[in-house]
$ cat start_6.txt   # compact mmCIF, C-alpha atoms
# COMPACT_ATOMS: atom_id res chain seq x y z
CA MET T 17 44.04 107.73 -17.08
CA ALA T 18 46.49 109.28 -19.45
CA PRO T 19 47.34 107.02 -22.40
CA LYS T 20 50.69 105.34 -22.07
CA ARG T 21 53.47 106.74 -24.18
CA VAL T 22 54.86 104.48 -26.83
CA ARG T 23 58.39 105.23 -27.73
CA ARG T 24 59.35 104.65 -31.29
CA GLN T 25 62.31 102.29 -31.02
CA GLN T 26 62.99 102.44 -34.70
CA THR T 27 64.82 105.68 -35.32
CA ARG T 28 65.73 104.88 -38.89
CA ALA T 29 63.51 105.52 -41.86
CA PRO T 30 63.04 102.38 -44.00
CA VAL T 31 64.61 104.23 -46.93
CA GLN T 32 67.89 104.49 -44.99
CA THR T 33 67.90 100.75 -44.31
CA ALA T 34 67.11 100.15 -47.98
CA VAL T 35 69.90 102.37 -49.32
CA LEU T 36 72.44 100.88 -46.93
CA ALA T 37 71.33 97.37 -47.96
CA LEU T 38 71.74 98.24 -51.65
CA VAL T 39 75.26 99.55 -51.11
CA ILE T 40 76.15 96.42 -49.13
CA GLU T 41 74.74 94.22 -51.90
CA LYS T 42 76.80 95.99 -54.54
CA PRO T 43 79.01 99.08 -54.23
CA SER T 44 77.46 101.68 -56.53
CA TYR T 45 77.73 105.34 -57.50
CA GLY T 46 74.89 107.73 -56.61
CA TYR T 47 72.78 107.47 -59.75
CA GLU T 48 73.19 103.69 -59.76
CA VAL T 49 71.94 103.52 -56.15
CA TRP T 50 68.85 105.49 -57.21
CA GLN T 51 68.21 103.21 -60.21
CA ARG T 52 68.60 100.07 -58.14
CA PHE T 53 66.38 101.56 -55.44
CA GLU T 54 63.64 102.11 -58.03
CA GLN T 55 63.98 98.51 -59.28
CA ARG T 56 63.98 96.87 -55.86
CA PHE T 57 61.79 99.12 -53.73
CA GLY T 58 59.61 100.99 -56.25
CA GLY T 59 55.96 100.76 -55.28
CA VAL T 60 56.86 99.99 -51.68
CA LEU T 61 59.01 103.01 -50.84
CA ASP T 62 58.18 105.84 -53.20
CA VAL T 63 60.73 108.62 -52.77
CA GLY T 64 62.44 110.93 -55.23
CA SER T 65 66.07 110.79 -56.34
CA SER T 66 66.96 113.86 -54.24
CA ARG T 67 65.92 111.97 -51.10
CA ILE T 68 68.21 109.08 -52.09
CA TYR T 69 71.18 111.46 -52.51
CA GLN T 70 70.28 113.02 -49.15
CA VAL T 71 70.26 109.56 -47.50
CA VAL T 72 73.58 108.64 -49.16
CA ASN T 73 75.13 111.86 -47.75
CA GLY T 74 73.71 111.11 -44.30
CA LEU T 75 75.15 107.59 -44.35
CA LEU T 76 78.54 109.05 -45.42
CA GLU T 77 78.50 111.55 -42.56
CA GLU T 78 77.74 108.78 -40.07
CA GLY T 79 80.62 106.70 -41.40
CA LEU T 80 78.29 103.86 -42.39
CA ILE T 81 79.37 104.05 -46.02
CA GLU T 82 82.53 105.39 -47.65
CA GLU T 83 83.63 106.55 -51.08
CA VAL T 84 85.96 104.40 -53.13
CA PRO T 85 87.50 105.34 -56.50
CA GLY T 86 85.33 104.21 -59.39
CA GLU T 87 86.32 102.20 -62.43
CA PRO T 88 87.52 104.28 -65.43
CA GLU T 89 84.63 105.03 -67.82
CA ARG T 90 84.97 105.76 -71.51
CA SER T 91 82.41 108.54 -71.49
CA ARG T 92 83.89 110.37 -68.50
CA ARG T 93 87.21 111.98 -67.76
CA GLN T 94 86.78 111.50 -64.04
CA PRO T 95 85.41 108.14 -62.91
CA ARG T 96 82.50 108.51 -60.55
CA PRO T 97 83.22 107.48 -56.97
CA ARG T 98 81.34 104.46 -55.72
CA TYR T 99 79.95 103.97 -52.26
CA ARG T 100 80.54 100.88 -50.22
CA ALA T 101 79.59 99.97 -46.66
CA THR T 102 82.07 100.25 -43.83
CA LYS T 103 82.31 97.54 -41.16
CA HIS T 104 80.30 99.82 -38.92
CA GLY T 105 77.70 100.14 -41.66
CA ALA T 106 77.43 96.38 -42.15
CA ARG T 107 76.87 95.92 -38.40
CA ALA T 108 74.30 98.75 -38.30
CA HIS T 109 72.46 97.20 -41.26
CA ARG T 110 71.95 93.92 -39.39
CA GLU T 111 70.54 95.83 -36.41
CA TRP T 112 68.24 97.97 -38.55
CA LEU T 113 67.03 94.96 -40.52
CA ALA T 114 66.10 93.15 -37.31
CA GLU T 115 64.19 96.28 -36.21
CA GLU T 116 62.31 96.39 -39.51
CA LEU T 117 61.39 92.72 -39.20
CA ARG T 118 60.19 93.21 -35.63
CA GLY T 119 57.76 95.87 -36.80
CA ASP T 120 56.90 99.27 -35.51
CA PRO T 121 55.27 99.35 -32.04
CA GLN T 122 54.13 102.91 -32.60
CA GLN T 123 52.20 101.94 -35.70
CA LEU T 124 50.56 99.07 -33.78
CA GLU T 125 49.56 101.46 -31.01
CA LEU T 126 48.20 103.88 -33.61
CA ARG T 127 45.98 101.10 -34.99
CA HIS T 128 44.65 100.33 -31.53
CA ARG T 129 43.86 103.98 -30.84
CA LEU T 130 42.23 104.49 -34.25
CA LEU T 131 40.00 101.51 -33.55
CA ALA T 132 39.22 102.87 -30.09
CA VAL T 133 38.03 106.25 -31.42
CA SER T 134 35.97 104.62 -34.17
CA GLY T 135 33.07 104.17 -31.76
CA ASP T 136 31.36 101.22 -30.17
CA ASP T 137 28.87 100.64 -32.98
CA ALA T 138 29.31 96.89 -33.51
CA SER T 139 27.79 96.95 -37.00
CA VAL T 140 30.29 99.64 -38.12
CA LEU T 141 33.18 97.70 -36.60
CA LEU T 142 31.90 94.52 -38.26
CA GLU T 143 32.16 96.27 -41.63
CA VAL T 144 35.72 97.30 -40.78
CA VAL T 145 36.53 93.67 -39.91
CA ASP T 146 34.98 92.48 -43.20
CA ARG T 147 37.14 94.93 -45.18
CA TYR T 148 40.21 93.93 -43.22
CA GLU T 149 39.47 90.28 -43.99
CA ARG T 150 39.15 91.01 -47.72
CA GLY T 151 42.60 92.60 -47.62
CA CYS T 152 44.03 89.58 -45.81
CA LEU T 153 42.49 87.17 -48.34
CA GLU T 154 44.05 89.15 -51.17
CA GLU T 155 47.40 89.01 -49.40
CA MET T 156 47.00 85.26 -48.99
CA ALA T 157 46.37 84.86 -52.72
CA ALA T 158 49.65 86.71 -53.33
CA LEU T 159 51.70 84.23 -51.27
CA ARG T 160 54.23 82.60 -53.55
CA THR T 161 55.03 78.95 -53.96
CA GLU T 162 57.90 77.38 -55.79
CA GLY T 163 57.21 76.21 -59.29
CA ALA T 164 59.27 74.03 -61.59
CA GLY T 165 62.44 75.93 -62.43
CA ASP T 166 61.32 78.80 -60.22
CA ALA T 167 63.06 78.08 -56.95
CA ILE T 168 62.48 80.84 -54.43
CA ALA T 169 65.65 82.13 -52.79
CA MET T 170 66.08 81.04 -49.21
CA ARG T 171 65.70 84.56 -47.79
CA ASP T 172 62.47 85.03 -49.75
CA ARG T 173 61.18 81.74 -48.36
CA LEU T 174 61.88 82.95 -44.83
CA LEU T 175 59.98 86.18 -45.46
CA GLU T 176 57.10 84.38 -47.16
CA GLU T 177 56.77 82.07 -44.15
CA GLU T 178 56.73 85.01 -41.77
CA ARG T 179 54.09 86.73 -43.90
CA ARG T 180 52.05 83.51 -43.93
CA LEU T 181 52.19 83.14 -40.14
CA LEU T 182 51.22 86.80 -39.65
CA LEU T 183 48.24 86.25 -41.95
CA GLU T 184 47.26 83.19 -39.93
CA ALA T 185 47.26 85.25 -36.73
CA ARG T 186 45.26 88.02 -38.39
CA MET T 187 42.69 85.59 -39.75
CA LYS T 188 42.23 84.07 -36.29
CA TRP T 189 41.73 87.54 -34.83
CA ILE T 190 39.18 88.35 -37.55
CA LEU T 191 37.26 85.18 -36.67
CA PHE T 192 37.31 86.12 -32.99
CA ALA T 193 36.32 89.74 -33.66
CA ARG T 194 33.47 88.79 -35.96
CA HIS T 195 31.99 86.33 -33.47
CA GLU T 196 32.25 88.88 -30.64
CA LEU T 197 30.68 91.65 -32.74
CA GLN T 198 27.92 89.39 -34.05
CA ALA T 199 27.17 88.33 -30.47
CA ALA T 200 27.06 92.00 -29.43
CA ILE T 201 24.67 92.83 -32.29
CA ALA T 202 22.46 89.82 -31.45
CA GLY T 203 22.48 90.94 -27.78
CA THR T 204 21.28 94.44 -28.61
CA GLN T 205 18.54 93.06 -30.84
CA ARG T 206 17.28 90.58 -28.24
CA PRO T 207 13.93 91.63 -26.74
CA GLY T 208 14.43 93.01 -23.27
CA ALA T 209 18.21 93.29 -23.68
CA SER T 210 19.61 96.33 -21.92
CA MET O 27 30.25 79.52 -68.48
CA SER O 28 32.25 78.52 -65.44
CA LEU O 29 33.33 74.92 -64.95
CA LEU O 30 31.80 74.79 -61.47
CA THR O 31 29.03 77.07 -60.25
CA LEU O 32 27.34 77.12 -56.87
CA GLU O 33 24.26 79.33 -56.80
CA ARG O 34 22.72 80.23 -53.43
CA ALA O 35 23.85 76.81 -52.19
CA THR O 36 22.40 76.05 -48.77
CA LYS O 37 22.91 72.83 -46.86
CA ARG O 38 21.51 71.95 -43.44
CA PHE O 39 22.15 68.97 -41.21
CA THR O 40 19.78 67.85 -38.50
CA ALA O 41 20.80 65.81 -35.50
CA GLY O 42 17.93 65.24 -33.11
CA GLN O 43 16.34 68.63 -32.51
CA ARG O 44 19.47 70.55 -33.43
CA GLU O 45 19.77 71.94 -36.93
CA THR O 46 23.12 73.10 -38.24
CA VAL O 47 23.42 75.25 -41.33
CA ALA O 48 26.65 74.05 -42.96
CA LEU O 49 26.36 76.28 -46.06
CA ARG O 50 24.39 79.52 -46.23
CA SER O 51 23.45 80.72 -49.68
CA VAL O 52 26.95 80.18 -51.04
CA GLN O 53 27.90 81.68 -54.41
CA LEU O 54 30.99 80.32 -56.10
CA GLU O 55 32.38 80.15 -59.61
CA LEU O 56 35.49 78.27 -60.62
CA ASP O 57 37.13 78.19 -64.03
CA ALA O 58 39.53 75.76 -65.68
CA GLY O 59 43.14 76.51 -64.81
CA GLU O 60 42.18 78.28 -61.62
CA SER O 61 43.12 77.32 -58.08
CA VAL O 62 40.85 78.49 -55.27
CA ALA O 63 41.61 77.90 -51.59
CA VAL O 64 38.84 78.09 -49.02
CA TYR O 65 40.19 79.00 -45.62
CA GLY O 66 38.15 77.91 -42.65
CA MET O 67 38.33 76.46 -39.19
CA ARG O 68 36.79 73.16 -38.17
CA ARG O 69 32.99 73.10 -38.36
CA SER O 70 33.04 76.08 -40.72
CA GLY O 71 31.34 74.04 -43.45
CA ARG O 72 34.48 73.58 -45.56
CA THR O 73 34.18 69.80 -46.07
CA THR O 74 30.46 70.16 -46.84
CA LEU O 75 31.40 72.70 -49.50
CA LEU O 76 33.73 70.21 -51.16
CA ARG O 77 31.20 67.38 -50.95
CA VAL O 78 28.56 69.60 -52.54
CA ALA O 79 31.05 70.59 -55.28
CA ALA O 80 31.72 66.89 -55.84
CA GLY O 81 28.00 66.20 -56.18
CA MET O 82 28.16 63.88 -53.17
CA LEU O 83 25.59 65.82 -51.14
CA PRO O 84 22.22 67.13 -52.30
CA LEU O 85 21.47 70.77 -51.49
CA ASP O 86 18.49 71.95 -49.47
CA GLU O 87 18.32 75.18 -51.47
CA GLY O 88 20.12 76.57 -54.50
CA GLU O 89 22.01 74.57 -57.07
CA ALA O 90 25.43 73.19 -57.94
CA ARG O 91 26.39 72.93 -61.61
CA PHE O 92 29.39 71.30 -63.26
CA GLN O 93 29.98 72.20 -66.92
CA GLY O 94 26.55 73.79 -66.88
CA ARG O 95 24.75 70.65 -65.72
CA LEU O 96 23.16 70.18 -62.33
CA LEU O 97 25.16 67.84 -60.14
CA ALA O 98 22.94 64.91 -59.29
CA HIS O 99 24.72 63.70 -56.15
CA GLY O 100 26.32 60.55 -57.50
CA ARG O 101 23.81 59.61 -60.18
CA ASP O 102 25.50 61.46 -63.05
CA GLY O 103 28.81 59.59 -62.85
CA VAL O 104 31.02 62.67 -63.03
CA LEU O 105 32.61 62.07 -59.63
CA GLY O 106 35.66 59.86 -60.07
CA ARG O 107 35.75 60.67 -63.76
CA LYS O 108 35.51 64.39 -64.52
CA ILE O 109 35.74 65.37 -60.87
CA GLY O 110 38.62 64.01 -58.80
CA TYR O 111 38.29 64.06 -55.03
CA CYS O 112 41.60 63.79 -53.22
CA ASN O 113 41.31 61.63 -50.15
CA PRO O 114 44.50 60.44 -48.46
CA GLY O 115 42.64 57.60 -46.75
CA PHE O 116 43.20 54.15 -48.29
CA ASN O 117 40.94 51.15 -47.86
CA PRO O 118 43.04 47.98 -47.39
CA ALA O 119 40.33 45.99 -49.22
CA GLN O 120 41.06 47.86 -52.48
CA GLY O 121 44.47 46.40 -53.11
CA GLY O 122 47.89 45.69 -51.74
CA THR O 123 50.12 48.38 -53.16
CA VAL O 124 49.72 52.11 -53.65
CA GLY O 125 49.76 51.49 -57.40
CA ASP O 126 46.79 49.11 -57.03
CA HIS O 127 44.87 51.70 -55.03
CA VAL O 128 45.44 54.40 -57.62
CA ALA O 129 44.37 52.00 -60.42
CA VAL O 130 41.02 51.14 -58.78
CA ALA O 131 39.10 54.07 -60.29
CA LEU O 132 40.21 53.04 -63.81
CA LEU O 133 39.32 49.38 -63.23
CA ALA O 134 35.87 50.55 -62.12
CA HIS O 135 35.50 52.29 -65.50
CA GLY O 136 36.38 49.16 -67.44
CA VAL O 137 40.04 49.85 -68.20
CA GLY O 138 42.08 46.63 -68.42
CA ARG O 139 44.23 45.67 -65.45
CA LEU O 140 47.65 46.16 -67.08
CA ARG O 141 46.63 49.42 -68.75
CA ALA O 142 45.10 50.70 -65.50
CA ARG O 143 48.26 49.89 -63.58
CA ALA O 144 50.45 51.61 -66.19
CA ARG O 145 48.33 54.76 -65.99
CA ALA O 146 48.40 54.57 -62.18
CA ASP O 147 52.20 54.52 -62.33
CA GLU O 148 52.14 57.59 -64.58
CA ALA O 149 49.80 59.41 -62.17
CA LEU O 150 52.08 58.54 -59.26
CA GLU O 151 55.03 59.88 -61.23
CA ARG O 152 53.11 63.11 -61.93
CA ALA O 153 52.42 63.39 -58.21
CA GLY O 154 56.13 62.98 -57.51
CA ILE O 155 56.02 59.58 -55.80
CA ALA O 156 56.77 57.04 -58.53
CA ALA O 157 59.13 55.30 -56.11
CA VAL O 158 56.35 54.23 -53.74
CA ALA O 159 54.12 52.50 -56.33
CA ASN O 160 54.89 49.06 -54.95
CA LEU O 161 54.71 49.96 -51.26
CA GLY O 162 51.71 49.43 -49.05
CA ALA O 163 49.68 52.55 -48.16
CA HIS O 164 50.48 52.00 -44.49
CA GLU O 165 54.17 52.50 -45.32
CA LEU O 166 53.74 56.03 -46.67
CA HIS O 167 54.62 59.26 -44.85
CA ALA O 168 51.94 61.95 -44.40
CA ASP O 169 53.05 63.94 -47.45
CA GLU O 170 53.30 60.80 -49.59
CA LEU O 171 49.74 59.87 -48.60
CA VAL O 172 48.54 63.28 -49.82
CA ARG O 173 50.46 62.84 -53.07
CA ALA O 174 49.04 59.33 -53.48
CA GLY O 175 45.56 60.78 -52.89
CA ILE O 176 46.25 63.35 -55.60
CA ALA O 177 47.50 60.61 -57.96
CA ARG O 178 44.32 58.61 -57.34
CA ALA O 179 42.21 61.71 -58.00
CA ILE O 180 43.96 62.69 -61.27
CA VAL O 181 44.37 59.20 -62.74
CA THR O 182 41.03 59.52 -64.55
CA GLU O 183 42.11 62.87 -66.04
CA PRO O 184 39.42 64.96 -64.37
CA ARG O 185 38.62 68.60 -65.12
CA LEU O 186 38.11 69.52 -61.48
CA LEU O 187 40.25 68.48 -58.54
CA LEU O 188 38.86 68.79 -55.01
CA LEU O 189 41.22 68.58 -52.04
CA ASP O 190 40.26 68.60 -48.39
CA GLU O 191 43.09 70.13 -46.37
CA PRO O 192 46.00 68.83 -48.46
CA THR O 193 48.57 70.34 -46.07
CA ASN O 194 47.01 69.03 -42.87
CA GLY O 195 49.55 67.04 -40.84
CA VAL O 196 52.24 67.57 -43.46
CA ASP O 197 55.71 68.65 -42.42
CA VAL O 198 56.48 72.33 -43.12
CA LEU O 199 59.29 71.37 -45.49
CA GLU O 200 57.00 69.08 -47.51
CA ARG O 201 54.03 71.46 -47.44
CA ASP O 202 55.38 73.91 -50.02
CA ALA O 203 56.29 71.09 -52.41
CA ILE O 204 52.70 69.78 -52.26
CA LEU O 205 51.35 73.29 -52.85
CA ALA O 206 53.73 73.66 -55.80
CA LEU O 207 52.41 70.37 -57.20
CA ILE O 208 48.80 71.58 -56.85
CA ARG O 209 49.73 74.89 -58.49
CA SER O 210 51.37 73.08 -61.39
CA LEU O 211 48.21 70.99 -61.92
CA ALA O 212 46.16 74.19 -62.14
CA ASP O 213 48.72 75.66 -64.53
CA GLU O 214 48.15 72.66 -66.78
CA GLY O 215 44.45 73.47 -66.98
CA LEU O 216 42.85 71.66 -64.07
CA ALA O 217 40.39 73.60 -61.91
CA VAL O 218 41.35 73.21 -58.26
CA LEU O 219 39.18 73.78 -55.21
CA MET O 220 40.82 73.06 -51.88
CA THR O 221 39.98 73.68 -48.27
CA VAL O 222 42.71 74.82 -45.92
CA GLY O 223 43.01 75.44 -42.20
CA GLU O 224 46.03 77.71 -42.61
CA PRO O 225 47.09 80.34 -45.15
CA VAL O 226 48.68 78.62 -48.11
CA ALA O 227 50.58 79.81 -51.14
CA GLY O 228 49.81 79.17 -54.77
CA ALA O 229 46.06 79.90 -54.98
CA ASP O 230 44.66 82.40 -57.46
CA ARG O 231 41.90 83.32 -55.03
CA VAL O 232 41.49 82.69 -51.33
CA LEU O 233 38.02 82.71 -49.80
CA ALA O 234 37.04 82.49 -46.15
CA LEU O 235 34.31 80.21 -44.86
CA ASP O 236 32.86 80.74 -41.41
CA ALA O 237 29.58 79.31 -40.07
CA GLY O 238 28.64 78.34 -43.63
CA GLU O 239 29.11 81.85 -45.07
CA LEU O 240 31.62 82.20 -47.87
CA ARG O 241 33.41 85.54 -48.14
CA GLY O 242 35.95 86.95 -50.55
CA GLU O 243 36.10 87.05 -54.33
CA ALA O 244 33.65 84.18 -54.87
CA VAL O 245 33.29 85.02 -58.55
CA PRO O 246 36.51 85.67 -60.49
CA GLU O 247 36.86 89.29 -61.54
CA ARG O 248 38.84 88.42 -64.62
CA ALA O 249 37.37 86.86 -67.70
CA PRO O 250 37.82 83.07 -67.79
CA VAL O 251 40.83 81.98 -69.80
CA LEU O 252 40.76 78.60 -71.47
CA PRO O 253 44.20 77.06 -71.06
CA LEU O 254 46.06 75.95 -74.14
CA ARG O 255 48.53 73.88 -72.20
CA ARG O 256 48.71 70.11 -72.30
CA ARG O 257 46.13 68.09 -70.42
CA VAL O 258 46.65 66.96 -66.90
CA GLY O 259 47.55 63.44 -65.93
CA PRO O 260 48.83 60.49 -67.82
CA SER O 261 48.13 60.29 -71.50
CA ALA O 262 45.42 57.92 -72.62
$ encode --input "start_6.txt" --output "structure tokens"
Amino acid sequence: MAPKRVRRQQTRAPVQTAVLALVIEKPSYGYEVWQRFEQRFGGVLDVGSSRIYQVVNGLLEEGLIEEVPGEPERSRRQPRPRYRATKHGARAHREWLAEELRGDPQQLELRHRLLAVSGDDASVLLEVVDRYERGCLEEMAALRTEGAGDAIAMRDRLLEEERRLLLEARMKWILFARHELQAAIAGTQRPGAS
Amino acid sequence: MSLLTLERATKRFTAGQRETVALRSVQLELDAGESVAVYGMRRSGRTTLLRVAAGMLPLDEGEARFQGRLLAHGRDGVLGRKIGYCNPGFNPAQGGTVGDHVAVALLAHGVGRLRARARADEALERAGIAAVANLGAHELHADELVRAGIARAIVTEPRLLLLDEPTNGVDVLERDAILALIRSLADEGLAVLMTVGEPVAGADRVLALDAGELRGEAVPERAPVLPLRRRVGPSA
């Protein structure tokens, strides 16, 4: 049977969502968008400044952002134009953000297929599960809690809770997978087992 | 030297002809100022792990050391003094009010009644529930019971705090505040070992326990740091 086709619903690159979000948060000129992108998304989305300018131009062409005259600057004769989101852009951002939160079905399918071509050797798969669990435990240790004078913003709390619930689901799957694989290994080692 | 060390700790229980291995050659090190969460389902061995760390259960193999000394399952007197075990269950025979319950451990160590009650009130304040000191334990909400259990455990100014599922049955909105309290106790220099049945925030390391096997970073990778912050709990 031919594998089912998984259509990638998310047509936007995360960097586009990020740049649009930055412009919505605060109208900025091109270099400022790049600097703020580095501060807020560095380490998560690593792209060069030319890619940011490219994305800004793309958003302009689509009418999702627009140029507005900049504030006069002492060091410049011509103030740099700032970019701000249009109404259309603000609406698109909410849609894209929901898509990002929902996750990428293609990536999920890729994981399934990678696992499927990794063979049926239970001991190899058990090692994969162990490594996966170590990653999840490290992620769990990175979950944040509020401290005195360190109140987490409401939106961060929402994301932390989603991350926590995803980890809970993953840990339950790991438990299930390990028991199944251990049972399979014990079955193959049993005298007379086929 | 770590504050708590479990070395190849193995614990078995026998019921009739059935033997259950609750802990299988567990290695664990815990330093002052560190919070470690052990994630596990029911029957994973998590409560046994805490009881071994408290010195309440003798091991079948391996050893458990606290401050370098072998834990002698109750005979060394460290439990309830240097080791606090948070239990949100309250025995009605131990007093009328929550404040009385929290003061019991101090009374048992010869502290005078008034002084013990004053320190109990301070521990309740530290746990964020000063207002319930004169209520009966049966009047407390689930989160307040956990906080009262923490107050009772820290009233003797222990070095190690053990908590068995501190977020179990606690409302989502109250859960994070309890975890923040536990984190703040670790930040003040207390070593914290807690079991959890769900991912929780605020731990320095999270380990997984399944069928008695402990996985994850059982030994801290970083060098132990001795905290220079003020001591935990009410002042003497």
$ interface_residues --input "start_6.txt" --of "chain O" --to "chain T" --cutoff "6 Å" --atoms "all atoms listed in the file" --output "ChimeraX atom specification"
/O:206,225,227-232,242
$ atom_distance --input "start_6.txt" --atom1 "CA of Pro30 in chain T" --atom2 "CA of Gly58 in chain T"
12.8 Å
$ closest_residue --input "start_6.txt" --among "O:Gly162, O:Val47, O:Leu29, O:Asp202" --to "Arg95 in chain O" --atoms "all atoms listed in the file"
O:Leu29
$ axis_aligned_box --input "start_6.txt" --around "range 27-32 of chain O" --padding-each-side "5 Å" --output "JSON"
{"center_x": 30.3, "center_y": 77.2, "center_z": -62.7, "size_x": 16.0, "size_y": 14.7, "size_z": 21.6}
$ residues_around --input "start_6.txt" --residues "Gly88 in chain O" --least-positions-apart "5" --cutoff "7 Å" --atoms "all atoms listed in the file" --output "list in words"
Glu33, Arg34, Ala35 and Thr36 of chain O
$ atom_distance --input "start_6.txt" --atom1 "CA of Pro85 in chain T" --atom2 "CA of Val39 in chain T"
14.6 Å
$ residues_around --input "start_6.txt" --residues "Pro88 in chain T" --least-positions-apart "5" --cutoff "12 Å" --atoms "only C-alpha atoms" --output "list in words"
Arg93, Gln94, Pro95, Arg96, Pro97 and Arg98 of chain T
$ write_last_selection --input "start_6.txt" --atoms "C-alpha atoms" --output "JSON list (two decimals), keeping the file's coordinate frame"
[["chain", "number", "residue", "atom", "x", "y", "z"],
["T", 93, "ARG", "CA", 87.21, 111.98, -67.76],
["T", 94, "GLN", "CA", 86.78, 111.50, -64.04],
["T", 95, "PRO", "CA", 85.41, 108.14, -62.91],
["T", 96, "ARG", "CA", 82.50, 108.51, -60.55],
["T", 97, "PRO", "CA", 83.22, 107.48, -56.97],
["T", 98, "ARG", "CA", 81.34, 104.46, -55.72]]
$ closest_residue --input "start_6.txt" --among "T:Ala101, T:Val63, T:Ala132, T:Leu113" --to "Gln51 in chain T" --atoms "only C-alpha atoms"
T:Val63
$ residues_around --input "start_6.txt" --residues "Trp112 in chain T" --least-positions-apart "3" --cutoff "9 Å" --atoms "only C-alpha atoms" --output "short mmCIF file (atom, residue, chain, number, x, y, z; two decimals) with C-alpha atoms, in the coordinates of the input"
data_model
loop_
_atom_site.label_atom_id
_atom_site.label_comp_id
_atom_site.auth_asym_id
_atom_site.auth_seq_id
_atom_site.Cartn_x
_atom_site.Cartn_y
_atom_site.Cartn_z
CA GLN T 26 62.99 102.44 -34.70
CA ARG T 28 65.73 104.88 -38.89
CA PRO T 30 63.04 102.38 -44.00
CA THR T 33 67.90 100.75 -44.31
CA ARG T 107 76.87 95.92 -38.40
CA ALA T 108 74.30 98.75 -38.30
CA HIS T 109 72.46 97.20 -41.26
CA GLU T 115 64.19 96.28 -36.21
CA GLU T 116 62.31 96.39 -39.51
CA LEU T 117 61.39 92.72 -39.20
#
$ atom_distance --input "start_6.txt" --atom1 "CA of Val104 in chain O" --atom2 "CA of Gly136 in chain O"
15.2 Å
$ closest_residue --input "start_6.txt" --among "T:Ala169, T:Val71, T:Leu36, T:Phe53" --to "His104 in chain T" --atoms "all atoms listed in the file"
T:Leu36
$ closest_residue --input "start_6.txt" --among "O:Leu205, O:Leu54, O:Ala244, O:Leu235" --to "Arg69 in chain O" --atoms "only C-alpha atoms"
O:Leu235
$ closest_residue --input "start_6.txt" --among "O:Arg44, O:Arg91, O:Arg50, O:Arg143" --to "Arg72 in chain O" --atoms "all atoms listed in the file"
O:Arg50
$ residues_around --input "start_6.txt" --residues "Ala212 in chain O" --least-positions-apart "5" --cutoff "9 Å" --atoms "all atoms listed in the file" --output "compact mmCIF listing (two decimals) with C-alpha atoms, in the coordinates of the input"
# COMPACT_ATOMS: atom_id res chain seq x y z
CA ALA O 58 39.53 75.76 -65.68
CA GLY O 59 43.14 76.51 -64.81
CA GLU O 60 42.18 78.28 -61.62
CA SER O 61 43.12 77.32 -58.08
CA LEU O 187 40.25 68.48 -58.54
CA LEU O 207 52.41 70.37 -57.20
CA ALA O 217 40.39 73.60 -61.91
CA VAL O 218 41.35 73.21 -58.26
CA VAL O 258 46.65 66.96 -66.90
